[in-house]
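> I am sharing upload.tsv, which consists of TSV, C-alpha atoms:
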chain	number	residue	atom	x	y	z
A	1146	MET	CA	104.84	67.35	92.23
A	1147	LYS	CA	101.82	65.58	90.84
A	1148	GLU	CA	99.87	66.52	93.96
A	1149	LEU	CA	100.89	70.15	93.63
A	1150	VAL	CA	99.63	70.38	90.05
A	1151	GLU	CA	96.42	68.59	91.04
A	1152	LEU	CA	95.78	70.84	94.01
A	1153	VAL	CA	96.12	74.03	92.01
A	1154	ALA	CA	94.33	72.75	88.91
A	1155	LYS	CA	91.33	71.43	90.84
A	1156	ALA	CA	91.00	74.71	92.70
A	1157	ILE	CA	90.66	76.82	89.57
A	1158	VAL	CA	88.67	74.76	87.07
A	1159	ASP	CA	84.93	74.32	86.68
A	1160	HIS	CA	85.23	70.54	86.41
A	1161	PRO	CA	87.69	69.34	89.07
A	1162	GLU	CA	86.56	65.76	88.54
A	1163	GLN	CA	88.02	65.88	85.04
A	1164	VAL	CA	91.48	66.98	86.19
A	1165	GLU	CA	94.02	64.29	85.42
A	1166	VAL	CA	97.74	64.45	86.09
A	1167	THR	CA	100.24	61.81	85.07
A	1168	GLU	CA	103.89	61.74	86.03
A	1169	GLU	CA	106.63	60.12	84.00
A	1170	ARG	CA	110.22	59.85	85.22
A	1171	LEU	CA	113.24	59.59	82.96
A	1172	GLY	CA	116.30	59.68	85.17
A	1173	ASP	CA	116.38	63.12	86.77
A	1174	GLN	CA	113.77	64.44	84.37
A	1175	VAL	CA	110.10	64.38	85.33
A	1176	ILE	CA	107.38	65.04	82.81
A	1177	LEU	CA	103.99	65.95	84.18
A	1178	ARG	CA	100.97	65.92	81.90
A	1179	LEU	CA	97.90	67.82	82.96
A	1180	ARG	CA	94.55	67.20	81.33
A	1181	VAL	CA	91.45	69.22	82.06
A	1182	ALA	CA	87.99	69.55	80.49
A	1183	ALA	CA	88.15	71.39	77.16
A	1184	ASP	CA	86.28	74.40	78.49
A	1185	ASP	CA	88.68	74.65	81.44
A	1186	MET	CA	91.80	75.06	79.28
A	1187	GLY	CA	91.54	78.82	79.35
A	1188	ARG	CA	91.34	78.84	83.13
A	1189	ILE	CA	94.46	76.74	83.50
A	1190	ILE	CA	96.47	78.74	81.03
A	1191	GLY	CA	95.26	82.18	82.07
A	1192	ARG	CA	95.61	85.45	80.24
A	1193	GLN	CA	98.89	85.47	78.32
A	1194	GLY	CA	99.68	82.11	79.90
A	1195	ARG	CA	100.16	83.68	83.30
A	1196	ILE	CA	98.59	80.90	85.35
A	1197	ALA	CA	100.39	78.13	83.48
A	1198	ASN	CA	103.67	80.02	83.85
A	1199	ALA	CA	103.10	80.58	87.57
A	1200	LEU	CA	102.33	76.88	87.98
A	1201	ARG	CA	105.55	75.98	86.16
A	1202	THR	CA	107.50	78.31	88.41
A	1203	LEU	CA	106.11	76.61	91.52
A	1204	LEU	CA	106.82	73.25	89.98
A	1205	ARG	CA	110.43	74.29	89.53
A	1206	VAL	CA	110.68	74.82	93.29
A	1207	ALA	CA	109.19	71.40	94.00
A	1208	ALA	CA	111.54	69.77	91.49
A	1209	ALA	CA	114.60	71.58	92.84
A	1210	ARG	CA	113.77	70.32	96.34
A	1211	GLN	CA	113.80	66.79	95.00
A	1212	GLY	CA	116.90	67.27	92.91
A	1213	VAL	CA	115.12	66.70	89.61
A	1214	ARG	CA	114.00	68.76	86.65
A	1215	ALA	CA	110.32	68.94	85.84
A	1216	ALA	CA	108.40	69.85	82.73
A	1217	LEU	CA	104.67	70.50	82.64
A	1218	GLU	CA	102.66	69.72	79.55
A	1219	ILE	CA	99.11	70.95	79.40
A	1220	GLY	CA	96.41	69.52	77.19
B	371	MET	CA	124.36	99.19	67.42
B	372	SER	CA	120.67	99.19	66.77
B	373	LYS	CA	118.31	102.06	66.44
B	374	GLU	CA	117.26	101.19	69.98
B	375	GLY	CA	120.47	102.78	71.20
B	376	VAL	CA	123.43	101.25	73.00
B	377	GLU	CA	124.08	99.63	76.32
B	378	ALA	CA	127.15	100.31	78.40
B	379	THR	CA	128.49	99.41	81.80
B	380	GLY	CA	130.79	101.22	84.18
B	381	ARG	CA	131.88	101.38	87.79
B	382	THR	CA	129.48	104.25	88.29
B	383	LEU	CA	126.33	105.40	86.57
B	384	ASP	CA	128.18	108.40	85.17
B	385	GLU	CA	130.95	106.27	83.75
B	386	ALA	CA	128.44	103.96	82.06
B	387	ILE	CA	126.58	106.93	80.59
B	388	GLU	CA	129.79	108.55	79.33
B	389	LYS	CA	130.82	105.33	77.60
B	390	ALA	CA	127.48	105.00	75.88
B	391	LEU	CA	127.55	108.64	74.79
B	392	ALA	CA	131.05	108.18	73.38
B	393	GLN	CA	129.82	105.23	71.34
B	394	LEU	CA	126.89	107.19	69.98
B	395	GLY	CA	128.86	110.39	69.52
B	396	LEU	CA	126.06	112.31	71.17
B	397	THR	CA	125.71	114.58	74.20
B	398	ARG	CA	123.45	114.07	77.20
B	399	GLU	CA	121.06	116.61	75.76
B	400	GLU	CA	120.50	114.48	72.69
B	401	VAL	CA	119.66	111.21	74.35
B	402	HIS	CA	117.26	109.42	76.64
B	403	ILE	CA	119.01	107.53	79.44
B	404	GLU	CA	117.56	104.35	80.78
B	405	VAL	CA	119.10	102.90	83.93
B	406	ILE	CA	119.21	99.12	83.71
B	407	SER	CA	121.17	98.76	86.92
B	408	PRO	CA	122.35	101.63	89.10
B	409	GLY	CA	125.30	99.52	90.25
B	410	ARG	CA	126.67	99.11	93.73
B	411	PRO	CA	130.04	100.28	95.00
B	412	GLY	CA	130.56	97.33	97.34
B	413	ILE	CA	133.00	97.35	100.24
B	414	LEU	CA	136.62	97.41	99.06
B	415	GLY	CA	135.37	96.02	95.79
B	416	VAL	CA	133.55	93.15	97.45
B	417	GLY	CA	129.95	92.80	96.36
B	418	ALA	CA	130.41	95.55	93.82
B	419	GLU	CA	128.09	95.57	90.86
B	420	GLU	CA	128.62	97.47	87.65
B	421	ALA	CA	126.23	100.19	86.66
B	422	LYS	CA	124.48	99.52	83.37
B	423	VAL	CA	122.59	101.92	81.16
B	424	ARG	CA	120.83	101.92	77.83
B	425	VAL	CA	121.19	105.18	75.99
B	426	VAL	CA	118.76	105.93	73.20
B	427	PRO	CA	119.02	108.90	70.82
B	428	LEU	CA	116.10	111.21	71.55
B	429	GLU	CA	114.93	111.03	67.95
B	430	ALA	CA	114.53	107.25	68.32
B	431	TYR	CA	112.79	107.52	71.68
B	432	SER	CA	109.03	107.62	71.76
B	433	PRO	CA	107.29	107.69	75.08
B	434	VAL	CA	104.11	105.67	74.97
B	435	GLY	CA	100.97	107.20	76.41
B	436	GLU	CA	100.21	106.30	79.95
B	437	GLU	CA	97.40	103.87	79.71
B	438	GLU	CA	96.03	102.53	82.91
B	439	GLY	CA	96.54	98.82	82.91
B	440	GLU	CA	94.92	95.56	83.26
B	441	GLU	CA	93.66	93.39	85.91
B	442	GLU	CA	93.51	95.24	89.16
B	443	GLU	CA	90.29	96.96	88.36
B	444	GLY	CA	87.29	96.23	90.51
B	445	VAL	CA	89.33	94.89	93.39
B	446	VAL	CA	87.39	94.73	96.63
B	447	VAL	CA	89.31	95.47	99.83
B	448	LYS	CA	88.20	93.51	102.87
B	449	GLY	CA	89.91	92.98	106.21
B	450	PRO	CA	92.33	90.24	107.23
B	451	ASP	CA	89.33	88.45	108.81
B	452	ALA	CA	87.57	87.93	105.47
B	453	PRO	CA	86.76	84.33	104.50
B	454	GLU	CA	88.76	84.82	101.29
B	455	VAL	CA	91.85	85.47	103.40
B	456	ALA	CA	91.26	82.35	105.49
B	457	LYS	CA	90.98	80.35	102.27
B	458	ALA	CA	94.18	81.91	100.95
B	459	VAL	CA	96.02	80.86	104.11
B	460	GLU	CA	94.63	77.36	103.82
B	461	TYR	CA	95.81	77.01	100.23
B	462	LEU	CA	99.17	78.53	100.93
B	463	GLU	CA	99.67	76.05	103.78
B	464	GLU	CA	98.79	73.17	101.48
B	465	ILE	CA	101.15	74.35	98.77
B	466	LEU	CA	104.01	74.82	101.24
B	467	ALA	CA	103.38	71.35	102.66
B	468	LEU	CA	103.47	69.83	99.16
B	469	LEU	CA	106.71	71.67	98.48
B	470	GLY	CA	108.09	70.20	101.68
B	471	ILE	CA	108.77	73.64	103.11
B	472	LYS	CA	108.51	74.15	106.85
B	473	ALA	CA	107.14	77.61	107.38
B	474	HIS	CA	104.82	79.64	109.54
B	475	ILE	CA	102.22	82.04	108.13
B	476	THR	CA	101.14	85.18	109.96
B	477	VAL	CA	98.21	87.24	108.69
B	478	ARG	CA	98.24	90.99	109.13
B	479	ALA	CA	96.69	94.12	107.67
B	480	PRO	CA	98.56	95.83	104.81
B	481	GLU	CA	100.44	98.95	105.92
B	482	THR	CA	102.64	100.06	103.05
B	483	ALA	CA	102.68	100.11	99.26
B	484	ALA	CA	104.70	96.90	99.24
B	485	ASP	CA	102.01	95.32	101.39
B	486	GLY	CA	99.45	96.32	98.78
B	487	TYR	CA	97.87	98.93	101.06
B	488	GLY	CA	94.58	100.10	99.58
B	489	ARG	CA	94.19	97.10	97.26
B	490	SER	CA	95.11	94.02	99.18
B	491	SER	CA	92.95	92.67	101.98
B	492	ALA	CA	95.74	91.06	103.97
B	493	VAL	CA	99.42	90.24	104.01
B	494	LEU	CA	100.33	86.58	104.43
B	495	ASP	CA	103.77	86.73	106.00
B	496	VAL	CA	105.67	83.50	105.45
B	497	ARG	CA	108.64	82.78	107.70
B	498	GLY	CA	110.80	79.68	107.71
B	499	VAL	CA	110.86	77.56	110.84
B	500	GLU	CA	113.63	75.31	112.10
B	501	GLY	CA	116.21	77.24	110.13
B	502	GLU	CA	114.45	76.60	106.81
B	503	ASP	CA	115.87	78.85	104.09
B	504	LEU	CA	113.01	80.28	102.06
B	505	GLY	CA	115.16	81.92	99.40
B	506	ILE	CA	113.89	79.30	96.98
B	507	LEU	CA	110.34	80.65	97.46
B	508	ILE	CA	111.42	84.18	96.59
B	509	GLY	CA	113.31	83.40	93.41
B	510	ARG	CA	115.23	85.71	91.17
B	511	ARG	CA	114.03	89.23	91.82
B	512	GLY	CA	110.96	87.86	93.56
B	513	SER	CA	109.69	85.96	90.51
B	514	THR	CA	108.80	82.79	92.43
B	515	LEU	CA	107.10	84.82	95.13
B	516	ALA	CA	105.09	86.62	92.43
B	517	ALA	CA	104.03	83.28	90.92
B	518	LEU	CA	103.00	81.98	94.33
B	519	GLN	CA	100.95	85.07	95.04
B	520	HIS	CA	99.33	84.94	91.63
B	521	ILE	CA	98.26	81.31	92.08
B	522	ILE	CA	96.83	81.99	95.53
B	523	ASN	CA	94.83	84.95	94.24
B	524	VAL	CA	93.53	83.05	91.23
B	525	VAL	CA	92.37	80.30	93.57
B	526	ILE	CA	90.47	82.57	95.96
B	527	ASN	CA	88.98	84.59	93.10
B	528	ARG	CA	87.72	81.38	91.54
B	529	GLN	CA	86.35	79.97	94.76
B	530	PHE	CA	84.58	83.10	95.89
B	531	GLY	CA	83.88	84.78	92.59
B	532	SER	CA	85.03	88.02	94.20
B	533	ARG	CA	87.90	90.31	93.42
B	534	VAL	CA	89.66	90.08	96.76
B	535	ILE	CA	93.43	89.93	96.62
B	536	VAL	CA	96.02	89.10	99.22
B	537	THR	CA	99.71	89.89	99.35
B	538	VAL	CA	102.15	87.08	100.01
B	539	ASP	CA	105.52	88.03	101.48
B	540	VAL	CA	108.38	85.71	102.34
B	541	GLU	CA	110.93	86.58	105.02
B	542	GLY	CA	110.12	90.28	104.65
B	543	TYR	CA	111.41	90.32	101.05
B	544	LYS	CA	108.86	92.86	99.81
B	545	ARG	CA	109.54	95.21	102.71
B	546	ARG	CA	113.25	95.16	102.00
B	547	ARG	CA	112.65	95.64	98.29
B	548	GLU	CA	110.38	98.58	99.06
B	549	GLU	CA	113.12	100.20	101.11
B	550	SER	CA	115.72	99.81	98.38
B	551	LEU	CA	113.31	100.98	95.67
B	552	ARG	CA	112.52	104.11	97.66
B	553	ASN	CA	116.22	104.82	98.09
B	554	LEU	CA	116.80	104.24	94.38
B	555	ALA	CA	113.90	106.58	93.56
B	556	PHE	CA	115.30	109.36	95.77
B	557	ARG	CA	118.79	108.95	94.36
B	558	LEU	CA	117.65	109.01	90.75
B	559	ALA	CA	115.34	111.96	91.42
B	560	GLU	CA	118.39	113.93	92.59
B	561	LYS	CA	120.17	112.98	89.39
B	562	VAL	CA	117.19	114.10	87.31
B	563	LYS	CA	117.19	117.45	89.11
B	564	GLN	CA	120.93	117.91	88.53
B	565	THR	CA	120.90	117.02	84.86
B	566	GLY	CA	117.43	118.17	83.96
B	567	ARG	CA	117.02	114.99	81.94
B	568	PRO	CA	114.54	112.18	82.54
B	569	ILE	CA	115.73	108.76	83.69
B	570	THR	CA	113.89	105.53	83.02
B	571	LEU	CA	114.14	102.66	85.47
B	572	GLU	CA	114.34	98.99	84.63
B	573	PRO	CA	111.02	97.21	84.02
B	574	MET	CA	109.12	96.43	87.20
B	575	PRO	CA	105.88	94.77	88.19
B	576	PRO	CA	102.94	97.10	89.02
B	577	ALA	CA	103.41	96.86	92.80
B	578	GLU	CA	107.01	98.00	92.50
B	579	ARG	CA	106.19	100.83	90.09
B	580	ARG	CA	103.62	102.02	92.59
B	581	ILE	CA	106.32	102.19	95.27
B	582	VAL	CA	108.44	104.48	93.08
B	583	HIS	CA	105.46	106.70	92.15
B	584	LEU	CA	104.52	107.04	95.82
B	585	ALA	CA	108.09	107.75	96.93
B	586	LEU	CA	108.29	110.77	94.61
B	587	LEU	CA	104.69	111.95	94.78
B	588	ASP	CA	105.55	114.83	97.10
B	589	ASP	CA	108.70	115.92	95.30
B	590	PRO	CA	107.84	119.24	93.64
B	591	ASN	CA	110.77	119.03	91.22
B	592	VAL	CA	110.14	115.72	89.51
B	593	VAL	CA	107.19	113.91	88.06
B	594	THR	CA	106.86	110.17	87.50
B	595	SER	CA	105.02	108.23	84.84
B	596	SER	CA	105.16	104.78	83.30
B	597	ILE	CA	105.91	103.61	79.77
B	598	GLY	CA	105.76	100.27	78.03
B	599	ASN	CA	103.36	97.40	78.32
B	600	GLY	CA	103.06	94.33	80.48
B	601	GLU	CA	106.32	93.05	81.81
B	602	ALA	CA	108.28	95.68	79.94
B	603	ARG	CA	106.47	98.54	81.68
B	604	LYS	CA	108.79	100.87	83.54
B	605	VAL	CA	108.79	104.07	85.50
B	606	ILE	CA	110.26	107.24	84.12
B	607	ILE	CA	111.32	110.08	86.39
B	608	SER	CA	111.28	113.47	84.66
B	609	PRO	CA	112.03	116.99	85.77
B	610	ARG	CA	108.89	118.95	86.50
B	611	ARG	CA	109.28	122.07	84.45
B	612	SER	CA	108.07	125.29	85.99
B	613	GLY	CA	105.80	127.52	83.95
B	614	ARG	CA	104.09	124.49	82.47
B	615	ARG	CA	101.47	122.54	84.32
B	616	PRO	CA	102.64	119.03	85.00
B	617	PRO	CA	100.33	116.29	83.85
B	618	PRO	CA	97.77	115.46	86.51
B	619	PRO	CA	99.29	113.24	89.16
B	620	ARG	CA	99.00	109.61	88.20
B	621	PRO	CA	96.98	107.50	90.53
B	622	PRO	CA	99.65	105.42	92.21
B	623	ARG	CA	99.60	101.85	91.06
Do you think you could lay out the structure here as structure tokens?


Amino acid sequence: MKELVELVAKAIVDHPEQVEVTEERLGDQVILRLRVAADDMGRIIGRQGRIANALRTLLRVAAARQGVRAALEIG
Amino acid sequence: MSKEGVEATGRTLDEAIEKALAQLGLTREEVHIEVISPGRPGILGVGAEEAKVRVVPLEAYSPVGEEEGEEEEGVVVKGPDAPEVAKAVEYLEEILALLGIKAHITVRAPETAADGYGRSSAVLDVRGVEGEDLGILIGRRGSTLAALQHIINVVINRQFGSRVIVTVDVEGYKRRREESLRNLAFRLAEKVKQTGRPITLEPMPPAERRIVHLALLDDPNVVTSSIGNGEARKVIISPRRSGRRPPPPRPPR
């Protein structure tokens, strides 16, 4: 799941080297935290949050395949 | 009951509408009928789905002007051989691999509205291999598929700085949806002609609204338009009244 968020984030930001994803597991709950350069926040979130929402939707698929629930925090 | 009107369900569309009218104490002439779900008869009751409508008193109904929307302006259409398409395939393969989904991608030229003909440069057809069920990639009413396609397009737009878009389809979902939307459009158009009253469909994404517009473009007795904004935007099918010029045909979108 971490790799998925990294792949997508790095592909759409201006500063891929500043993309940082951490993964924390609490039982069947996984919390992913995505950090990007300040001026890349808009790119990750997208207009009306569309990109962030799409990323969360994909993450849901990845989580479901692993039998866990995932949450994505950005910023 | 709110001033938005009432919702009602029934075994058939007519039954649902009658129930709603009874609640409002109005006649069909005094309301705007919005079809939330046309329902399905099912076979011997199996797989049946209730019809659902929202009925709004005409005085409370205000059609919003038909503004052209958003993001698809300035799209450049290239062929399936474009480097943007190759990149899209590459990214889609990587995403599928990370999701642990075994699938095969075929690239082809768009042919129909569901394929994004005229806007999209290529269709990336994803099919499961080794009996892999890709339903999880489609999601409820195609929402996961839409997210996947959006991500892929954002990636290639960012990498190439060009407005090239691709269509992602999974197990022919969009083709099947196109077929059922066309059938729904034809059925509702008949209803509009019979009753002389407009019918509004449930909210749909732009690609699906375009399918409905295109399906009824050649019907001389009805005219289609869209109301609402963003995700709430929906198609309305109205009778085309003779003696009055219909509004200029909407560019299908």

> What is the atom CA of Glu404 of chain B-atom CA of Ile606 of chain B distance in Å, reported with one decimal?

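Those two atoms sit 8.5 Å apart.
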
> Between B:Glu500, B:Glu560, B:Glu481, B:Asp588, which one has atoms that come closest to Pro609 of chain B, using only C-alpha atoms?

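Residue with the minimum atom-to-atom distance to Pro609 of chain B: B:Glu560.
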
> Give as a list in words every residue of chain B that touches chain A within 6 Å, counting only C-alpha atoms.

Leu469, Ala517, Val525 and Arg528 of chain B

> Quote the spacing between atom CA of Ala1182 of chain A and atom CA of Val1164 of chain A in Å to one decimal place.

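Atom CA of Val1164 of chain A lies 7.2 Å from atom CA of Ala1182 of chain A.
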
> Write out as a list in words each polymer residue whose atoms come within 10 Å of Pro450 of chain B, counting only C-alpha atoms; drop sequence neighbours fewer than 6 positions from it.

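These residues fall inside the cut-off: Ala456, Val477, Arg478, Ala479, Pro480, Ser490, Ser491, Ala492, Val493, Leu494 and Val536 of chain B.
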
> Mind giving me the straight-line distance from atom CA of Val459 of chain B to atom CA of Arg579 of chain B in Å, one decimal?

26.4 Å

> Residues near segment 390-393 of chain B, anyone? I mean within 10 Å using only C-alpha atoms, not counting same-chain ones fewer than 4 positions away, as JSON, numbers by chain.

{"B": [371, 375, 376, 377, 378, 379, 380, 384, 385, 386, 397, 398, 400, 401, 403, 422, 423, 424, 425, 426, 427]}

> Would you please work out which residue, of A:Asp1185, A:Glu1151, A:Gln1193, A:Ala1216, is nearest to Glu1165 of chain A when using only C-alpha atoms?

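For Glu1165 of chain A, the nearest of the candidates is A:Glu1151.
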
> For each of B:Gly488, B:Asp539, B:Glu460, B:Lys561, take the minimum atom-to-atom distance to Gln519 of chain B, counting all atoms listed in the file, then give the residue where this is smallest.

B:Asp539

> Fewer than 6 positions away in the same chain doesn't count, so skip those; otherwise give me all residues within 10 Å of Pro575 of chain B, counting all atoms listed in the file, as a PyMOL selection string.

chain B and resi 513+516+600-604+623

> Could you add N, CA, C and O atoms to segment 488-509 of chain B and give me the result as an mmCIF file, in the coordinates of the input?


data_model
loop_
_atom_site.group_PDB
_atom_site.id
_atom_site.type_symbol
_atom_site.label_atom_id
_atom_site.label_comp_id
_atom_site.auth_asym_id
_atom_site.auth_seq_id
_atom_site.Cartn_x
_atom_site.Cartn_y
_atom_site.Cartn_z
ATOM 1 N N GLY B 488 95.601 99.496 100.421
ATOM 2 C CA GLY B 488 94.580 100.100 99.580
ATOM 3 C C GLY B 488 94.041 99.184 98.496
ATOM 4 O O GLY B 488 93.082 99.516 97.803
ATOM 5 N N ARG B 489 94.662 98.025 98.289
ATOM 6 C CA ARG B 489 94.190 97.100 97.260
ATOM 7 C C ARG B 489 94.052 95.695 97.833
ATOM 8 O O ARG B 489 93.145 94.957 97.521
ATOM 9 N N SER B 490 95.051 95.372 98.648
ATOM 10 C CA SER B 490 95.110 94.020 99.180
ATOM 11 C C SER B 490 94.349 93.950 100.501
ATOM 12 O O SER B 490 94.317 94.912 101.260
ATOM 13 N N SER B 491 93.719 92.813 100.751
ATOM 14 C CA SER B 491 92.950 92.670 101.980
ATOM 15 C C SER B 491 93.782 92.218 103.160
ATOM 16 O O SER B 491 93.422 92.452 104.305
ATOM 17 N N ALA B 492 94.883 91.543 102.882
ATOM 18 C CA ALA B 492 95.740 91.060 103.970
ATOM 19 C C ALA B 492 97.117 90.704 103.444
ATOM 20 O O ALA B 492 97.285 90.444 102.256
ATOM 21 N N VAL B 493 98.084 90.722 104.346
ATOM 22 C CA VAL B 493 99.420 90.240 104.010
ATOM 23 C C VAL B 493 99.593 88.884 104.678
ATOM 24 O O VAL B 493 99.309 88.737 105.863
ATOM 25 N N LEU B 494 100.015 87.901 103.890
ATOM 26 C CA LEU B 494 100.330 86.580 104.430
ATOM 27 C C LEU B 494 101.852 86.530 104.534
ATOM 28 O O LEU B 494 102.548 86.399 103.536
ATOM 29 N N ASP B 495 102.333 86.687 105.765
ATOM 30 C CA ASP B 495 103.770 86.730 106.000
ATOM 31 C C ASP B 495 104.296 85.321 106.221
ATOM 32 O O ASP B 495 103.933 84.682 107.193
ATOM 33 N N VAL B 496 105.145 84.860 105.331
ATOM 34 C CA VAL B 496 105.670 83.500 105.450
ATOM 35 C C VAL B 496 107.090 83.557 106.012
ATOM 36 O O VAL B 496 107.941 84.274 105.486
ATOM 37 N N ARG B 497 107.301 82.835 107.097
ATOM 38 C CA ARG B 497 108.640 82.780 107.700
ATOM 39 C C ARG B 497 109.050 81.324 107.859
ATOM 40 O O ARG B 497 108.249 80.503 108.266
ATOM 41 N N GLY B 498 110.300 81.047 107.564
ATOM 42 C CA GLY B 498 110.800 79.680 107.710
ATOM 43 C C GLY B 498 110.907 79.297 109.171
ATOM 44 O O GLY B 498 111.180 80.146 110.021
ATOM 45 N N VAL B 499 110.644 78.041 109.484
ATOM 46 C CA VAL B 499 110.860 77.560 110.840
ATOM 47 C C VAL B 499 111.963 76.506 110.810
ATOM 48 O O VAL B 499 112.276 75.938 109.770
ATOM 49 N N GLU B 500 112.553 76.284 111.963
ATOM 50 C CA GLU B 500 113.630 75.310 112.100
ATOM 51 C C GLU B 500 114.763 75.584 111.116
ATOM 52 O O GLU B 500 115.292 74.671 110.483
ATOM 53 N N GLY B 501 115.089 76.865 110.976
ATOM 54 C CA GLY B 501 116.210 77.240 110.130
ATOM 55 C C GLY B 501 115.999 77.016 108.644
ATOM 56 O O GLY B 501 116.945 77.029 107.860
ATOM 57 N N GLU B 502 114.752 76.798 108.229
ATOM 58 C CA GLU B 502 114.450 76.600 106.810
ATOM 59 C C GLU B 502 114.760 77.865 106.010
ATOM 60 O O GLU B 502 114.315 78.950 106.359
ATOM 61 N N ASP B 503 115.524 77.703 104.936
ATOM 62 C CA ASP B 503 115.870 78.850 104.090
ATOM 63 C C ASP B 503 114.805 78.983 103.007
ATOM 64 O O ASP B 503 114.634 78.085 102.190
ATOM 65 N N LEU B 504 114.116 80.115 103.000
ATOM 66 C CA LEU B 504 113.010 80.280 102.060
ATOM 67 C C LEU B 504 113.409 81.041 100.798
ATOM 68 O O LEU B 504 112.554 81.476 100.045
ATOM 69 N N GLY B 505 114.695 81.217 100.598
ATOM 70 C CA GLY B 505 115.160 81.920 99.400
ATOM 71 C C GLY B 505 114.582 81.311 98.127
ATOM 72 O O GLY B 505 114.249 82.022 97.181
ATOM 73 N N ILE B 506 114.409 80.021 98.136
ATOM 74 C CA ILE B 506 113.890 79.300 96.980
ATOM 75 C C ILE B 506 112.455 79.716 96.643
ATOM 76 O O ILE B 506 112.015 79.652 95.509
ATOM 77 N N LEU B 507 111.729 80.203 97.672
ATOM 78 C CA LEU B 507 110.340 80.650 97.460
ATOM 79 C C LEU B 507 110.290 82.081 96.927
ATOM 80 O O LEU B 507 109.257 82.529 96.443
ATOM 81 N N ILE B 508 111.393 82.786 97.047
ATOM 82 C CA ILE B 508 111.420 84.180 96.590
ATOM 83 C C ILE B 508 111.817 84.212 95.120
ATOM 84 O O ILE B 508 111.164 84.851 94.302
ATOM 85 N N GLY B 509 112.883 83.479 94.809
ATOM 86 C CA GLY B 509 113.310 83.400 93.410
ATOM 87 C C GLY B 509 114.050 84.635 92.953
ATOM 88 O O GLY B 509 114.223 85.595 93.714
#
